[in-house]
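> The structure file my_file_15.csv (CSV, C-alpha atoms and all ligand atoms) is provided below.
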```csv
chain,number,residue,atom,x,y,z
A,56,MET,CA,0.0,0.0,0.0
A,57,SER,CA,1.0,3.6,-0.4
A,58,ASP,CA,2.4,5.4,2.6
A,59,GLY,CA,-0.5,7.8,2.2
A,60,GLY,CA,1.8,10.9,1.8
A,61,ALA,CA,0.5,13.7,-0.3
A,62,LEU,CA,1.8,16.0,-3.0
A,63,VAL,CA,0.1,19.3,-3.4
A,64,LEU,CA,0.3,21.4,-6.5
A,65,VAL,CA,0.8,25.0,-5.3
A,66,SER,CA,0.7,28.3,-7.2
A,67,GLY,CA,0.7,30.8,-4.3
A,68,GLY,CA,-3.0,31.4,-4.9
A,69,ILE,CA,-6.0,30.9,-2.6
A,70,GLU,CA,-7.2,27.5,-3.8
A,71,SER,CA,-3.8,25.7,-3.7
A,72,THR,CA,-3.1,27.2,-0.3
A,73,VAL,CA,-6.4,25.7,1.0
A,74,CYS,CA,-5.5,22.4,-0.5
A,75,LEU,CA,-2.1,22.5,1.3
A,76,ALA,CA,-3.9,23.3,4.5
A,77,LEU,CA,-6.3,20.3,4.0
A,78,ALA,CA,-3.4,18.0,3.1
A,79,ALA,CA,-1.4,19.1,6.1
A,80,ARG,CA,-4.3,18.1,8.4
A,81,HIS,CA,-3.9,14.5,7.4
A,82,GLY,CA,-0.7,13.6,9.2
A,83,ASP,CA,2.5,13.8,7.3
A,84,ARG,CA,3.9,17.1,5.9
A,85,PRO,CA,2.8,17.2,2.2
A,86,VAL,CA,5.3,17.8,-0.5
A,87,ALA,CA,4.5,21.1,-2.3
A,88,VAL,CA,5.2,21.3,-6.0
A,89,ALA,CA,5.2,24.6,-7.9
A,90,PHE,CA,6.0,25.3,-11.6
A,91,ASP,CA,8.3,28.0,-12.9
A,92,TYR,CA,7.0,28.2,-16.4
A,93,GLY,CA,8.1,31.7,-17.2
A,94,GLN,CA,4.9,33.2,-15.9
A,95,ARG,CA,4.7,37.0,-15.9
A,96,ASN,CA,3.7,37.1,-12.3
A,97,ARG,CA,6.9,36.1,-10.6
A,98,ARG,CA,5.4,37.0,-7.3
A,99,GLU,CA,3.2,33.9,-7.3
A,100,LEU,CA,6.3,31.7,-6.9
A,101,ALA,CA,7.4,33.8,-3.9
A,102,ALA,CA,3.9,33.4,-2.5
A,103,ALA,CA,4.1,29.6,-3.0
A,104,GLU,CA,7.4,29.6,-1.0
A,105,ARG,CA,5.8,31.6,1.9
A,106,VAL,CA,2.8,29.3,2.0
A,107,ALA,CA,5.0,26.1,1.9
A,108,ASP,CA,7.1,27.6,4.7
A,109,ALA,CA,4.0,28.3,6.8
A,110,TYR,CA,3.1,24.6,6.7
A,111,GLY,CA,6.7,23.4,7.1
A,112,CYS,CA,6.6,21.7,3.7
A,113,ASP,CA,9.3,20.8,1.3
A,114,LEU,CA,8.7,23.0,-1.8
A,115,ARG,CA,10.0,21.7,-5.1
A,116,VAL,CA,9.9,24.1,-8.0
A,117,VAL,CA,9.9,22.5,-11.4
A,118,ALA,CA,11.3,24.6,-14.2
A,119,LEU,CA,9.3,24.3,-17.4
A,120,ASP,CA,9.8,26.4,-20.5
A,121,LEU,CA,6.3,26.7,-21.8
A,122,GLY,CA,7.7,29.4,-24.1
A,123,THR,CA,8.9,26.5,-26.2
A,124,TRP,CA,5.2,25.8,-27.0
A,125,GLY,CA,4.7,29.3,-28.4
A,126,ASP,CA,3.1,32.4,-26.9
A,127,SER,CA,0.6,32.1,-24.2
A,128,PRO,CA,-1.2,34.9,-22.2
A,129,LEU,CA,0.6,34.1,-18.9
A,130,THR,CA,4.1,33.8,-20.3
A,131,GLY,CA,4.3,37.0,-22.3
A,132,GLY,CA,2.0,36.4,-25.3
A,133,PRO,CA,-1.0,38.6,-25.9
A,134,VAL,CA,-3.8,38.7,-23.4
A,135,LEU,CA,-7.0,38.2,-25.3
A,136,GLU,CA,-9.9,40.3,-24.2
A,137,ARG,CA,-13.3,38.6,-24.6
A,138,GLY,CA,-16.2,40.5,-26.1
A,139,PRO,CA,-19.6,40.5,-24.3
A,140,GLY,CA,-21.0,37.6,-26.4
A,141,GLU,CA,-18.0,35.4,-25.6
A,142,ALA,CA,-18.5,35.1,-21.9
A,143,ASP,CA,-19.0,31.3,-22.0
A,144,ARG,CA,-15.8,30.7,-23.9
A,145,VAL,CA,-12.6,29.5,-22.3
A,146,PRO,CA,-11.1,32.4,-20.3
A,147,ALA,CA,-8.4,34.6,-21.8
A,148,ALA,CA,-5.9,33.3,-19.3
A,149,TYR,CA,-6.1,29.7,-20.6
A,150,VAL,CA,-2.7,28.1,-21.3
A,151,ALA,CA,-3.0,25.1,-23.6
A,152,GLY,CA,-3.4,21.9,-21.6
A,153,ARG,CA,-1.6,23.4,-18.6
A,154,ASN,CA,-3.1,21.1,-16.0
A,155,ILE,CA,-2.5,18.0,-18.2
A,156,VAL,CA,1.2,18.9,-18.1
A,157,PHE,CA,1.2,19.8,-14.4
A,158,LEU,CA,-0.7,16.7,-13.3
A,159,SER,CA,1.4,14.4,-15.4
A,160,ILE,CA,4.5,15.8,-13.7
A,161,ALA,CA,2.8,15.6,-10.3
A,162,MET,CA,1.9,11.9,-10.8
A,163,SER,CA,5.5,11.2,-11.8
A,164,ILE,CA,6.9,12.9,-8.7
A,165,ALA,CA,4.3,11.2,-6.5
A,166,GLU,CA,5.3,7.8,-7.8
A,167,THR,CA,9.0,8.6,-7.4
A,168,ARG,CA,8.5,9.6,-3.8
A,169,GLY,CA,6.0,6.9,-2.9
A,170,LEU,CA,3.1,9.3,-2.3
A,171,GLY,CA,-0.4,8.2,-2.7
A,172,LEU,CA,-2.3,11.4,-3.1
A,173,VAL,CA,-2.1,14.5,-5.4
A,174,TYR,CA,-4.0,17.5,-4.4
A,175,PHE,CA,-5.2,19.8,-7.2
A,176,GLY,CA,-7.0,23.0,-6.4
A,177,ALA,CA,-9.4,23.2,-9.3
A,178,ALA,CA,-12.6,24.9,-8.0
A,179,GLY,CA,-16.2,25.3,-9.2
A,180,HIS,CA,-15.5,28.7,-10.7
A,181,ASP,CA,-12.7,27.2,-12.8
A,182,ALA,CA,-15.2,25.1,-14.8
A,183,LYS,CA,-14.7,27.2,-17.9
A,184,TYR,CA,-11.3,25.7,-18.2
A,185,PRO,CA,-11.7,22.2,-19.6
A,186,ASP,CA,-8.6,21.0,-17.7
A,187,CYS,CA,-10.3,22.0,-14.4
A,188,ARG,CA,-13.4,19.9,-14.7
A,189,SER,CA,-14.2,16.8,-12.7
A,190,GLN,CA,-14.7,14.7,-15.8
A,191,PHE,CA,-11.2,15.5,-17.0
A,192,VAL,CA,-9.7,14.8,-13.5
A,193,ALA,CA,-11.5,11.4,-13.2
A,194,SER,CA,-10.4,10.4,-16.7
A,195,PHE,CA,-6.9,11.6,-16.2
A,196,GLN,CA,-6.5,9.7,-12.9
A,197,ALA,CA,-7.7,6.5,-14.6
A,198,ALA,CA,-5.4,7.0,-17.6
A,199,ALA,CA,-2.4,8.0,-15.4
A,200,ASN,CA,-2.8,4.9,-13.2
A,201,LEU,CA,-2.7,2.7,-16.3
A,202,GLY,CA,0.7,4.1,-17.0
A,203,LEU,CA,2.1,4.1,-13.5
A,204,ASN,CA,4.0,1.0,-12.3
A,205,CYS,CA,3.0,1.6,-8.6
A,206,ALA,CA,-0.6,1.4,-9.7
A,207,GLN,CA,0.0,-1.8,-11.6
A,208,GLU,CA,1.5,-3.2,-8.4
A,209,GLY,CA,-1.6,-2.2,-6.4
A,210,ARG,CA,-0.7,1.2,-5.2
A,211,PRO,CA,-2.7,3.7,-7.4
A,212,ILE,CA,-2.2,7.4,-6.9
A,213,PHE,CA,-5.4,9.3,-6.3
A,214,ILE,CA,-6.1,12.9,-7.3
A,215,ARG,CA,-7.9,14.9,-4.7
A,216,THR,CA,-9.9,18.0,-5.8
A,217,PRO,CA,-11.6,19.0,-2.5
A,218,LEU,CA,-12.7,22.4,-3.9
A,219,ILE,CA,-14.1,21.3,-7.2
A,220,GLY,CA,-17.7,21.9,-6.2
A,221,LEU,CA,-17.1,25.1,-4.4
A,222,THR,CA,-17.3,28.8,-5.4
A,223,LYS,CA,-14.6,31.4,-4.6
A,224,PRO,CA,-16.7,32.9,-1.7
A,225,ASP,CA,-17.4,29.4,-0.3
A,226,ILE,CA,-13.7,28.7,-0.3
A,227,ILE,CA,-12.7,32.0,1.2
A,228,ARG,CA,-15.3,31.7,3.9
A,229,ALA,CA,-14.2,28.2,4.8
A,230,ALA,CA,-10.5,29.1,4.7
A,231,THR,CA,-11.0,32.1,6.9
A,232,GLY,CA,-12.8,29.9,9.5
A,233,TRP,CA,-9.9,27.3,9.4
A,234,GLY,CA,-7.3,30.0,9.9
A,235,VAL,CA,-5.6,29.4,6.5
A,236,PRO,CA,-3.0,32.2,6.0
A,237,LEU,CA,-4.6,33.9,3.0
A,238,GLU,CA,-2.5,37.0,3.7
A,239,LEU,CA,0.4,35.0,2.2
A,240,THR,CA,-1.3,34.3,-1.1
A,241,TRP,CA,-0.9,36.1,-4.4
A,242,SER,CA,-3.4,36.0,-7.3
A,243,CYS,CA,-2.6,39.0,-9.5
A,244,TYR,CA,-1.3,38.4,-13.0
A,245,GLY,CA,0.9,41.4,-12.7
A,246,ASN,CA,4.3,41.6,-11.0
A,247,GLY,CA,4.0,44.9,-9.0
A,248,GLU,CA,4.7,45.5,-5.4
A,249,GLN,CA,1.0,45.3,-4.7
A,250,PRO,CA,-1.8,43.5,-6.6
A,251,CYS,CA,-2.9,45.7,-9.5
A,252,GLY,CA,-6.6,45.4,-8.6
A,253,ASP,CA,-7.5,45.5,-12.2
A,254,CYS,CA,-6.5,42.2,-13.9
A,255,GLY,CA,-8.9,39.3,-14.2
A,256,ALA,CA,-7.4,37.4,-11.2
A,257,CYS,CA,-7.6,40.5,-9.0
A,258,ARG,CA,-11.2,41.2,-10.0
A,259,ILE,CA,-12.3,37.6,-9.3
A,260,ARG,CA,-10.4,37.6,-6.0
A,261,ALA,CA,-12.0,41.0,-4.9
A,262,ILE,CA,-15.5,39.7,-5.8
A,263,GLY,CA,-14.8,36.5,-3.9
A,264,PHE,CA,-13.9,38.3,-0.7
A,265,ALA,CA,-16.7,40.8,-1.1
A,266,GLU,CA,-19.3,38.0,-1.5
A,267,ALA,CA,-17.7,36.0,1.3
A,268,GLY,CA,-18.2,39.1,3.5
A,269,VAL,CA,-14.6,39.2,4.7
A,270,PRO,CA,-11.7,41.6,4.0
A,271,ASP,CA,-8.8,40.4,1.9
A,272,PRO,CA,-6.0,40.1,4.5
A,273,ALA,CA,-3.4,40.3,1.6
A,274,LEU,CA,-4.4,44.0,1.1
A,275,GLY,CA,-3.5,45.0,4.6
A,276,PRO,CA,-5.6,46.9,7.2
B,301,ZN,ZN,-3.9,42.1,-10.8
```
Take the structure in the file and give it back as structure tokens.

Amino acid sequence: MSDGGALVLVSGGIESTVCLALAARHGDRPVAVAFDYGQRNRRELAAAERVADAYGCDLRVVALDLGTWGDSPLTGGPVLERGPGEADRVPAAYVAGRNIVFLSIAMSIAETRGLGLVYFGAAGHDAKYPDCRSQFVASFQAAANLGLNCAQEGRPIFIRTPLIGLTKPDIIRAATGWGVPLELTWSCYGNGEQPCGDCGACRIRAIGFAEAGVPDPALGP
């Protein structure tokens, strides 16, 4: 059987920090894995480090040159603004198959380290991204375990998505109640000293805190 240890994909944002908090509740210190894929917002990696430190986790940063794939909105390519009639399309911040890549690497690291769980912070409000949907996660888990030797030997790796049915305000409310250090998190797509307050990630975060009825502790008093 697996030793039950967990790997948590961390980005420095709210959802992955909540996943880390949940994984840390279950005994062993989880292994935190972040990706340096040339993202514009370098501050999210610093936030991932702060969050991993807060939980006493080993943080592994995997360098990945997504620029090799071509331009993408989060790595320096054009940010596509959607018109009013395009609200249901995949968001402008979509990076082609990003979570397929990230989860593949996570499964490989988990097998290497003998970990039985991978936490992935996809949430209900991410459902516009096809690689954040529960159907994708279930199918990916099944496919990955067909290709993992540990699974073939009876030790499958399970992907946990504890937030997949929850909205941003739900998550913020719960995290605040659990004392998750949301003041350490970073969501902005920009790279300024402070969150810009204007990008898509800042706007979604602000609406989430407003709807949750709690102030954003990352914005100070
Ligand atoms: Zn911003």
> List as a list in words the protein and nucleic acid residues lying within 7 Å of ligand ZN 301 (chain B), with all atoms listed in the file counted.
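The residues near ligand ZN 301 (chain B) are Cys243, Tyr244, Gly245, Pro250, Cys251, Gly252, Asp253, Cys254, Gly255, Ala256 and Cys257 of chain A.
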> If you count all atoms listed in the file, which residues fall within 9 Å of region 230-236 of chain A, apart from same-chain ones fewer than 5 positions away, as an mmCIF file with C-alpha atoms, keeping the file's coordinate frame?

```cif
data_model
loop_
_atom_site.group_PDB
_atom_site.id
_atom_site.type_symbol
_atom_site.label_atom_id
_atom_site.label_comp_id
_atom_site.auth_asym_id
_atom_site.auth_seq_id
_atom_site.Cartn_x
_atom_site.Cartn_y
_atom_site.Cartn_z
ATOM 1 C CA ILE A 69 -6.000 30.900 -2.600
ATOM 2 C CA THR A 72 -3.100 27.200 -0.300
ATOM 3 C CA VAL A 73 -6.400 25.700 1.000
ATOM 4 C CA ALA A 76 -3.900 23.300 4.500
ATOM 5 C CA VAL A 106 2.800 29.300 2.000
ATOM 6 C CA ALA A 109 4.000 28.300 6.800
ATOM 7 C CA ASP A 225 -17.400 29.400 -0.300
ATOM 8 C CA VAL A 269 -14.600 39.200 4.700
ATOM 9 C CA PRO A 272 -6.000 40.100 4.500
#
```
> Please provide the set of residues having any atom within 12 Å of Ser242 (chain A), restricted to all atoms listed in the file, with same-chain residues fewer than 3 positions apart removed, written as a ChimeraX atom specification.
/A:65-72,95-103,237-239,245-247,249-261,263,271,273-274
> Of the candidates A:Gly60, A:Gly176, A:Gly122, A:Gly111, which one gets nearest to Ile212 (chain A) if we count only C-alpha atoms?
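With only C-alpha atoms as the atom set, the closest residue is A:Gly60.
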> To one decimal place, how far is CA of Lys223 (chain A) from CA of Ala265 (chain A) in Å?
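Atom-to-atom, CA of Lys223 (chain A) to CA of Ala265 (chain A), that is 10.2 Å.
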> For Met162 (chain A), which residue out of A:Ala87, A:Ala199, A:Ala206, A:Ala267 is the nearest one, using all atoms listed in the file?
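Using all atoms listed in the file, Met162 (chain A) sits closest to A:Ala199.
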> Go through A:Ala229, A:Val156, A:Leu77, A:Val86 one by one, measure the shortest atom-to-atom distance of each to Phe195 (chain A) using all atoms listed in the file, and give the residue with the smallest value.
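Among the listed residues, the smallest separation from Phe195 (chain A) belongs to A:Val156.
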